[in-house]
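Dumped my_file-v7.pdb below, it's PDB, C-alpha atoms:
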```pdb
ATOM      1  CA  MET A   1     -49.835 -28.944 -52.019
ATOM      2  CA  ALA A   2     -48.060 -26.476 -49.726
ATOM      3  CA  GLN A   3     -48.287 -22.829 -50.663
ATOM      4  CA  ALA A   4     -45.024 -21.110 -51.638
ATOM      5  CA  LYS A   5     -43.675 -18.618 -49.121
ATOM      6  CA  GLU A   6     -43.907 -15.053 -50.390
ATOM      7  CA  GLU A   7     -40.514 -13.475 -50.965
ATOM      8  CA  MET A   8     -40.079  -9.783 -50.347
ATOM      9  CA  LYS A   9     -36.816  -8.179 -51.401
ATOM     10  CA  ILE A  10     -35.159  -4.801 -51.840
ATOM     11  CA  LEU A  11     -32.127  -3.594 -53.801
ATOM     12  CA  THR A  12     -29.118  -2.299 -51.869
ATOM     13  CA  ALA A  13     -25.638  -1.166 -52.820
ATOM     14  CA  ASN A  14     -22.866   1.200 -51.791
ATOM     15  CA  ARG A  15     -22.531   4.581 -53.453
ATOM     16  CA  LEU A  16     -19.286   4.590 -55.432
ATOM     17  CA  ARG A  17     -18.246   8.148 -54.592
ATOM     18  CA  ASN A  18     -18.402   7.793 -50.767
ATOM     19  CA  GLY A  19     -19.185   4.157 -49.865
ATOM     20  CA  GLU A  20     -22.511   4.999 -48.202
ATOM     21  CA  THR A  21     -25.077   2.193 -48.026
ATOM     22  CA  VAL A  22     -28.026   3.060 -50.270
ATOM     23  CA  TYR A  23     -31.361   1.534 -51.283
ATOM     24  CA  TYR A  24     -33.170   1.780 -54.612
ATOM     25  CA  THR A  25     -36.516   3.594 -54.311
ATOM     26  CA  ALA A  26     -39.776   3.521 -56.261
ATOM     27  CA  ALA A  27     -38.843   7.015 -57.505
ATOM     28  CA  GLY A  28     -35.847   5.510 -59.314
ATOM     29  CA  GLU A  29     -33.289   7.078 -56.988
ATOM     30  CA  TRP A  30     -30.823   5.794 -54.402
ATOM     31  CA  SER A  31     -31.645   6.683 -50.789
ATOM     32  CA  PRO A  32     -29.590   6.116 -47.621
ATOM     33  CA  TYR A  33     -32.812   5.161 -45.794
ATOM     34  CA  VAL A  34     -33.962   1.542 -45.875
ATOM     35  CA  SER A  35     -37.553   2.642 -45.181
ATOM     36  CA  GLN A  36     -37.665   4.280 -48.625
ATOM     37  CA  ALA A  37     -36.620   1.149 -50.520
ATOM     38  CA  LYS A  38     -38.819  -0.189 -53.283
ATOM     39  CA  VAL A  39     -40.173  -3.596 -52.247
ATOM     40  CA  ALA A  40     -40.354  -6.410 -54.801
ATOM     41  CA  ALA A  41     -42.703  -9.299 -54.045
ATOM     42  CA  THR A  42     -42.981 -11.122 -57.375
ATOM     43  CA  PRO A  43     -40.284 -12.945 -59.345
ATOM     44  CA  GLU A  44     -40.721 -10.397 -62.143
ATOM     45  CA  ASP A  45     -40.209  -7.446 -59.766
ATOM     46  CA  ILE A  46     -37.182  -9.132 -58.199
ATOM     47  CA  ASP A  47     -35.714  -9.708 -61.672
ATOM     48  CA  ALA A  48     -36.334  -6.038 -62.518
ATOM     49  CA  LEU A  49     -34.453  -4.936 -59.385
ATOM     50  CA  THR A  50     -31.563  -7.215 -60.321
ATOM     51  CA  LYS A  51     -31.357  -5.617 -63.768
ATOM     52  CA  ILE A  52     -31.567  -2.093 -62.307
ATOM     53  CA  GLY A  53     -28.711  -2.913 -59.931
ATOM     54  CA  ALA A  54     -26.587  -4.333 -62.752
ATOM     55  CA  ALA A  55     -27.176  -1.205 -64.861
ATOM     56  CA  ALA A  56     -26.272   1.112 -61.957
ATOM     57  CA  TYR A  57     -23.102  -0.908 -61.352
ATOM     58  CA  ALA A  58     -22.183  -0.760 -65.057
ATOM     59  CA  ALA A  59     -22.708   3.029 -64.976
ATOM     60  CA  ASN A  60     -20.284   3.288 -62.015
ATOM     61  CA  LEU A  61     -22.945   4.703 -59.691
ATOM     62  CA  VAL A  62     -22.785   1.937 -57.073
ATOM     63  CA  VAL A  63     -20.800  -1.143 -56.029
ATOM     64  CA  ASP A  64     -21.606  -4.242 -53.952
ATOM     65  CA  VAL A  65     -25.082  -4.466 -55.484
ATOM     66  CA  ASN A  66     -27.402  -7.012 -53.845
ATOM     67  CA  VAL A  67     -31.077  -7.907 -53.838
ATOM     68  CA  ILE A  68     -31.731  -8.769 -50.182
ATOM     69  CA  ASP A  69     -34.504 -10.349 -48.123
ATOM     70  CA  ILE A  70     -36.656  -8.235 -45.842
ATOM     71  CA  THR A  71     -38.854  -9.317 -42.961
ATOM     72  CA  PRO A  72     -42.581  -9.609 -43.612
ATOM     73  CA  GLY A  73     -44.755  -6.932 -42.088
ATOM     74  CA  GLY A  74     -45.463  -3.261 -42.440
ATOM     75  CA  ASP A  75     -41.964  -1.797 -42.047
ATOM     76  CA  VAL A  76     -39.103  -2.384 -44.468
ATOM     77  CA  LYS A  77     -36.454  -4.149 -42.385
ATOM     78  CA  PRO A  78     -33.623  -6.378 -43.631
ATOM     79  CA  SER A  79     -33.835  -9.927 -42.350
ATOM     80  CA  HIS A  80     -30.119 -10.789 -42.108
ATOM     81  CA  ILE A  81     -27.755  -9.366 -39.489
ATOM     82  CA  ARG A  82     -25.241  -8.062 -42.046
ATOM     83  CA  GLU A  83     -27.937  -6.011 -43.723
ATOM     84  CA  ILE A  84     -29.393  -4.821 -40.413
ATOM     85  CA  ILE A  85     -25.953  -3.443 -39.516
ATOM     86  CA  ARG A  86     -25.546  -1.838 -42.958
ATOM     87  CA  ALA A  87     -28.989  -0.205 -42.589
ATOM     88  CA  SER A  88     -28.422   1.206 -39.113
ATOM     89  CA  GLY A  89     -24.754   2.132 -39.084
ATOM     90  CA  PRO A  90     -21.648   1.081 -37.185
ATOM     91  CA  THR A  91     -21.948  -1.151 -34.146
ATOM     92  CA  VAL A  92     -19.044   0.391 -32.252
ATOM     93  CA  ARG A  93     -20.259   3.985 -31.856
ATOM     94  CA  SER A  94     -23.960   4.596 -31.376
ATOM     95  CA  ASP A  95     -23.504   8.325 -32.084
ATOM     96  CA  LEU A  96     -22.762   7.401 -35.722
ATOM     97  CA  ASN A  97     -25.919   5.323 -36.226
ATOM     98  CA  LYS A  98     -28.501   6.601 -38.666
ATOM     99  CA  PRO A  99     -32.305   6.394 -38.432
ATOM    100  CA  ALA A 100     -34.274   4.091 -40.729
ATOM    101  CA  ALA A 101     -36.089   7.087 -42.215
ATOM    102  CA  PRO A 102     -35.302  10.764 -42.688
ATOM    103  CA  SER A 103     -36.489  13.122 -39.970
ATOM    104  CA  GLN A 104     -39.789  14.903 -40.579
ATOM    105  CA  ARG A 105     -38.652  18.459 -39.827
ATOM    106  CA  SER A 106     -40.837  21.307 -41.033
TER     107      SER A 106
END
```

Target format structure tokens, applied to this file:
Amino acid sequence: MAQAKEEMKILTANRLRNGETVYYTAAGEWSPYVSQAKVAATPEDIDALTKIGAAAYAANLVVDVNVIDITPGGDVKPSHIREIIRASGPTVRSDLNKPAAPSQRS
């Protein structure tokens, strides 16, 4: 029997107050950086993210809530082009793009 492909997903949404793309973190917060997203790899974890997103939507914290696929590997990277664009910023002006992670300034 063929082995099931492992699914890895993260929770994304848009902040209601300003429309910014955000990702749910392991700390229970919403971050604008995809690299800080909490990764779910089991059906139970994916279901938990879905419920967290629904609760945040019901509390009017976020809109356009989605559990999305990420590419396998060490870095957290969305696998679909729509989500890659949402994670990195506009495609028309590179000066508006954002990094995948916050800068490490001292």

Original post:
Can you list, as a VMD selection string, the residues that the PyMOL selection byres ((chain A and resi 66) around 10) selects here?
Top reply: chain A and resid 9 to 14 23 49 to 50 53 to 54 63 to 65 67 to 69

Could you make a table, as a tab-separated table, of the residues of range 60-104 of chain A that have an atom within 8 Å of an atom of range 35-38 of chain A, each with its nearest atom pair and distance in Å to one decimal, counting all atoms listed in the file, in chain and number order?
```
residue	atom	partner	partner_atom	distance
A:Asp75	CA	A:Ser35	CA	7.0
A:Val76	CA	A:Ser35	CA	5.3
A:Lys77	CA	A:Ser35	CA	7.4
A:Ala100	CA	A:Ser35	CA	5.7
A:Ala101	CA	A:Ser35	CA	5.5
```

Subject >> Given all atoms listed in the file as the counted atoms, nearest of A:Asp95, A:Ser79, A:Pro32, A:Pro72 to Asn18 in chain A >> reply: A:Pro32

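Closest approach to Asp45 in chain A among A:Ile81, A:Met8, A:Ile70, A:Leu61: A:Met8, based on all atoms listed in the file.
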
Subject >> One-decimal distance in Å that lies between CA of Ala26 in chain A and CA of Pro43 in chain A >> reply: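 Between CA of Pro43 in chain A and CA of Ala26 in chain A the gap is 16.8 Å.
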
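Computed from the coordinates, the CA of Arg82 in chain A to CA of Gln104 in chain A distance equals 27.2 Å.
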
Original post:
List as a PyMOL selection string: which residues have an atom within 10 Å of (-29.7, 8.4, -40.2), counting all atoms listed in the file?
Top reply: chain A and resi 32-34+87-89+96-103

Subject >> Minimum-distance residue to Val22 in chain A, chosen among A:Glu44, A:Glu83, A:Ala59, A:Glu7 (using only C-alpha atoms) >> reply: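 Looking only at the distances to Val22 in chain A, the closest residue turns out to be A:Glu83.
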
**OP:** May I ask for the distance between CA of Thr21 in chain A and CA of Ile85 in chain A, given in Å to one decimal place?
**Re:**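 Atom-to-atom, CA of Thr21 in chain A to CA of Ile85 in chain A, that is 10.2 Å.
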
Subject >> Among the residues A:Val39, A:Ala58, A:Tyr24, A:Pro90, the one that comes closest to Gly74 in chain A [using all atoms listed in the file] >> reply: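 Nearest to Gly74 in chain A: A:Val39.
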
Report, as JSON, the centre and edge lengths in Å (one decimal) of the axis-aligned box enclosing every listed atom of range 31-50 of chain A, padded by 4 Å on each side.
```
{"center_x": -36.3, "center_y": -3.1, "center_z": -53.8, "size_x": 21.4, "size_y": 27.6, "size_z": 25.3}
```
